[in-house]
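Participant: My questions all concern the structure below.
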Amino acid sequence: MRSTMPAFWALLPALAFGADAPGPALPPADLGDLLRQAEALSPAIRAAGARLEAARRMPDQAGAPPDPEVSLSYVNDGVSRLTFGETEFSGLSLAWMQEIPYPGKLRLAGEVASHAVERAERDRDGVRFQVRAAVLTAYADLRRLDRTLAVLSEIRDALVFLEQSARRRYEVGEGIQESVLKAQTAILRLEAEMARVSEDRRAVESRLNAAIGRAAGIPIGPAEALPEGRLPGDEEALQEAAVAASPEVGALEAAVRGGEAGVILARLDLKPDFSWSASYQNRGGLDPMVMGSFGVRLPLHRARKQAQAVGQKEAELAAAQHELADLLARTRGSVREMVSRVRRAERLMALSAQGIIPLAASTLESAQASYRSGRIGFLDVLNDLAALLEARIDLAAQESDRLRALAALEPLLAAYLIRTPAGSAGAPLAAGAGGQHGTDR
């Protein structure tokens with residue numbers, strides 16, 4: 001026992017404050033570099049950019065007048081022979097016809113398409129923030145699992161010392177076999193938990209690679225750094241900021257404006273469109289002929305076509321308005337929820353770091369002295385050890401939850417709340433118009 005216990009008690013400072021794990025085979029994960037890769041590789045961002053590029057080509061098309069129609073025709077007098085230039089009824093005609101939409105239709109069609117561009121821009125900005133949030137969330141989970149594995153590894157080392165101590169005491173008749181069996185059981189359970197956490201880490205690693213847009217099997221080093229982040233204002237101010245800046249809200253607002261213009265355009269379709277045409281006829285040696293005409297396209301089936309289209313556009317506008325109202329309520333609720341999560345995690349982190357962990361460490365030191373003097377048993381020391389390291393695991397979980405909540409707030413606010421670690425090679429994603437970027441520049 002004398003050769004084993006001093007080494008165990010030497011572990012106590014590391015167990016209380018956390019010991020650095022042996023050097024990893026992979027370099028530590030660089031959060032900034034991961035974010036930069038996501039900006040460059042994410043298929044979701046590329047798809048949103050392509051949709052925006054497609055939308056930007058719509059206004060010119062929608063506002064352009066109808067293409068003219070040109071036709072060439074020949075009239076022959078009889079079927080037995082060509083009579084071109086011989087009779088006044090034969091001739092070669094060139095005709096030009098142009099449709100003229102009712103005044104205001106082209107302008108409104110271009111306006112509807114412009115609102116579609118605005119929506120695509122906000123959708124693209126929202127996708128970029130969502131990809132960033134996915135990377136940050138996966139990184140937070142990765143750090144929690146890495147810290148948990150480090151703590152579990154320290155627990156296992158301590159339990160091995162405890163098992164050896166209990167075995168020695170049992171062999172010399174000072175202890176009981178139950179203590180040895182309890183320690184061995186605890187070690188096996190710990191190894192099973194380490195295996196579970198390791199598999200969870202592999203799953204999170206795959207999720208992080210997918211968010212970045214690269215192969216799932218690419219290994220990611222330990223997430224050692226905890227990025228800084230903070231709430232930029234009080235809850236009410238953040239709710240209003242989210243309503244004003246959220247890309248998702250902005251996209252729906254653009255949809256509502258486009259729907260309003262679409263209703264007006266559909267009502268204009270109840271009006272007739274016009275057309276004009278001109279033609280020139282060459283009759284060979286005879287005098288040429290010219291002709292002009294003006295036409296009106298009458299909405300004779302308006303009850304089945306144009307009126308139904310108006311009703312459709314009005315229903316679509318009502319749906320967009322209701323969706324916007326629902327989104328505004330959900331956005332405010334989500335902001336309140338995430339702010340509460342951040343504040344809860346901060347309170348629990350302070351309690352753990354300033355109260356629970358120091359007290360648990362002191363309790364374990366006291367149990368160490370009592371165990372050496374024979375006043376308490378082995379299981380009491382084991383329980384105090386488990387309480388200390390459970391508090392450390394909980395602290396890592398609260399740090400991760402705080403980071404996840406801040407990451408979830410960023411797409412709502414269109415603002416950077418999380419700074420990449422100092423010295424990181426990466427840079428934050430660029431935000432769309434209207435975003436608040438001062439917290440990450």
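Convention: chains lettered A, B, ... in structure tokens order; per-chain residue numbering from 1; ligands numbered from 1 as shown.
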Tell me, as a list in words, which residues lie within 9 Å of range 43-48 of chain A, counting only C-alpha atoms; anything in the same chain fewer than 4 positions away does not count.
Facilitator: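 Contacts, in chain order: Ala38, Glu39, Leu52, Glu53, Ala120, Glu121, Asp123, Arg124, Asp125, Val127, Arg128, Val131, Ala211, Ile212 and Gly213 of chain A.
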Participant: According to DSSP computed on the backbone, where in range 127-354 of chain A is there alpha helix (DSSP H)? Give the residues as a ChimeraX atom specification.
Facilitator: /A:127-171,177-212,235-245,247-268,306-351
Participant: As a PyMOL selection string, please: all residues of range 216-425 of chain A that backbone DSSP puts in strand (DSSP E or B).
Facilitator: chain A and resi 229+273-282+289-297+415+418
Participant: Considering only C-alpha atoms, can you say which of A:Ala414, A:Ala320, A:Ala54, A:Leu34 comes closest to Ser246 in chain A?
Facilitator: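 Using only C-alpha atoms, Ser246 in chain A sits closest to A:Ala414.
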Participant: Considering only C-alpha atoms, return as a list of chain:residue names whatever protein or nucleic-acid residues lie within 12 Å of Asp287 in chain A, sequence-local ones (same chain, fewer than 3 positions apart) excluded.
Facilitator: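 So the residues in contact are A:Gly85, A:Glu86, A:Thr87, A:Glu88, A:Phe89, A:Ser90, A:Gly91, A:Tyr280, A:Gln281, A:Asn282, A:Arg283, A:Gly284, A:Val290.
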Participant: Would you list the contacts of Leu412 in chain A as a PyMOL selection string, taking every protein, DNA or RNA residue within 9 Å and counting only C-alpha atoms, but skipping same-chain residues closer than 2 positions in sequence?
Facilitator: chain A and resi 126+129+239+241-243+245-249+331+334-335+408-410+414-415
Participant: May I have the residues within 10 Å of Lys105 in chain A as a list in words, using only C-alpha atoms and disregarding those fewer than 6 positions away in the same chain?
Facilitator: Ala62, Gly63, Pro65, Glu111, Ile264, Leu265, Ala266, Arg267, Leu268, Asp269, Lys271 and Asp273 of chain A
Participant: Which residues of range 74-147 of chain A sit at most 12 Å from range 170-194 of chain A, using only C-alpha atoms? Give each one's shortest atom pair and distance in Å (one decimal place), in chain and ascending residue order, as JSON lines.
Facilitator:
{"residue": "A:Leu145", "atom": "CA", "partner": "A:Met194", "partner_atom": "CA", "distance": 9.8}
{"residue": "A:Asp146", "atom": "CA", "partner": "A:Met194", "partner_atom": "CA", "distance": 10.5}
{"residue": "A:Arg147", "atom": "CA", "partner": "A:Met194", "partner_atom": "CA", "distance": 11.5}
Participant: Convert the current residue selection to file output with C-alpha atoms, as a compact mmCIF listing (two decimals), in the first residue's frame.
Facilitator:
# COMPACT_ATOMS: atom_id res chain seq x y z
CA LEU A 145 -16.76 14.84 -25.98
CA ASP A 146 -13.00 15.47 -26.03
CA ARG A 147 -13.11 17.00 -22.55
Participant: Between A:Val381, A:Leu41, A:Leu406, A:Ala210, which residue has the minimum interatomic distance to Ala369 in chain A, considering only C-alpha atoms?
Facilitator: A:Val381
Participant: If you measure from CA of Arg341 in chain A to CA of Gly233 in chain A, what distance in Å do you get, rounded to one decimal?
Facilitator: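 A separation of 14.9 Å between them.
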Participant: Restricting the calculation to only C-alpha atoms: of A:Val197, A:Leu82, A:Leu136, A:Ala278, which residue gets closest to Val151 in chain A?
Facilitator: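 Of the candidates, the smallest distance to Val151 in chain A is held by A:Val197.
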Participant: Skip Asn209 in chain A itself and residues of its chain fewer than 4 positions away, then list as an mmCIF file with N, CA and C atoms, in the first residue's frame all residues within 10 Å of it, counting only C-alpha atoms.
Facilitator:
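As written to disk, result39.cif reads:
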data_model
loop_
_atom_site.group_PDB
_atom_site.id
_atom_site.type_symbol
_atom_site.label_atom_id
_atom_site.label_comp_id
_atom_site.auth_asym_id
_atom_site.auth_seq_id
_atom_site.Cartn_x
_atom_site.Cartn_y
_atom_site.Cartn_z
ATOM 1 N N LEU A 34 -11.922 25.621 -40.056
ATOM 2 C CA LEU A 34 -13.118 24.842 -40.390
ATOM 3 C C LEU A 34 -14.208 25.733 -40.969
ATOM 4 N N GLN A 37 -13.262 26.690 -44.524
ATOM 5 C CA GLN A 37 -13.508 25.580 -45.445
ATOM 6 C C GLN A 37 -15.002 25.437 -45.742
ATOM 7 N N ALA A 38 -15.829 25.627 -44.718
ATOM 8 C CA ALA A 38 -17.273 25.528 -44.933
ATOM 9 C C ALA A 38 -17.750 26.584 -45.923
ATOM 10 N N SER A 42 -19.043 24.195 -48.837
ATOM 11 C CA SER A 42 -20.401 23.746 -48.507
ATOM 12 C C SER A 42 -21.293 23.675 -49.752
ATOM 13 N N VAL A 135 -21.496 24.201 -38.153
ATOM 14 C CA VAL A 135 -20.086 23.955 -37.837
ATOM 15 C C VAL A 135 -19.799 24.266 -36.368
ATOM 16 N N ALA A 138 -21.407 21.555 -34.111
ATOM 17 C CA ALA A 138 -20.643 20.311 -34.134
ATOM 18 C C ALA A 138 -19.320 20.473 -33.389
ATOM 19 N N ALA A 203 -19.312 10.039 -34.672
ATOM 20 C CA ALA A 203 -20.542 10.513 -35.304
ATOM 21 C C ALA A 203 -20.528 12.034 -35.455
ATOM 22 N N VAL A 204 -20.085 12.751 -34.421
ATOM 23 C CA VAL A 204 -20.015 14.210 -34.496
ATOM 24 C C VAL A 204 -18.980 14.638 -35.525
ATOM 25 N N GLU A 205 -17.884 13.920 -35.601
ATOM 26 C CA GLU A 205 -16.853 14.217 -36.592
ATOM 27 C C GLU A 205 -17.420 14.110 -38.007
ATOM 28 N N GLY A 213 -18.821 20.128 -45.955
ATOM 29 C CA GLY A 213 -18.950 19.748 -47.350
ATOM 30 C C GLY A 213 -17.784 18.919 -47.844
ATOM 31 N N ARG A 214 -17.206 18.121 -46.951
ATOM 32 C CA ARG A 214 -16.096 17.269 -47.357
ATOM 33 C C ARG A 214 -16.376 15.834 -46.921
ATOM 34 N N ALA A 215 -15.495 14.909 -47.284
ATOM 35 C CA ALA A 215 -15.713 13.491 -47.023
ATOM 36 C C ALA A 215 -15.877 13.217 -45.535
ATOM 37 N N ALA A 216 -16.798 12.292 -45.220
ATOM 38 C CA ALA A 216 -17.133 12.015 -43.824
ATOM 39 C C ALA A 216 -15.970 11.414 -43.050
ATOM 40 N N GLY A 217 -15.048 10.720 -43.729
ATOM 41 C CA GLY A 217 -13.980 10.019 -43.030
ATOM 42 C C GLY A 217 -12.754 10.855 -42.722
ATOM 43 N N ILE A 218 -12.749 12.121 -43.063
ATOM 44 C CA ILE A 218 -11.573 12.950 -42.780
ATOM 45 C C ILE A 218 -11.447 13.146 -41.267
ATOM 46 N N PRO A 219 -10.315 12.757 -40.675
ATOM 47 C CA PRO A 219 -10.171 12.892 -39.213
ATOM 48 C C PRO A 219 -10.040 14.351 -38.792
ATOM 49 N N ILE A 220 -10.537 14.654 -37.611
ATOM 50 C CA ILE A 220 -10.465 16.001 -37.046
ATOM 51 C C ILE A 220 -9.781 15.909 -35.697
#
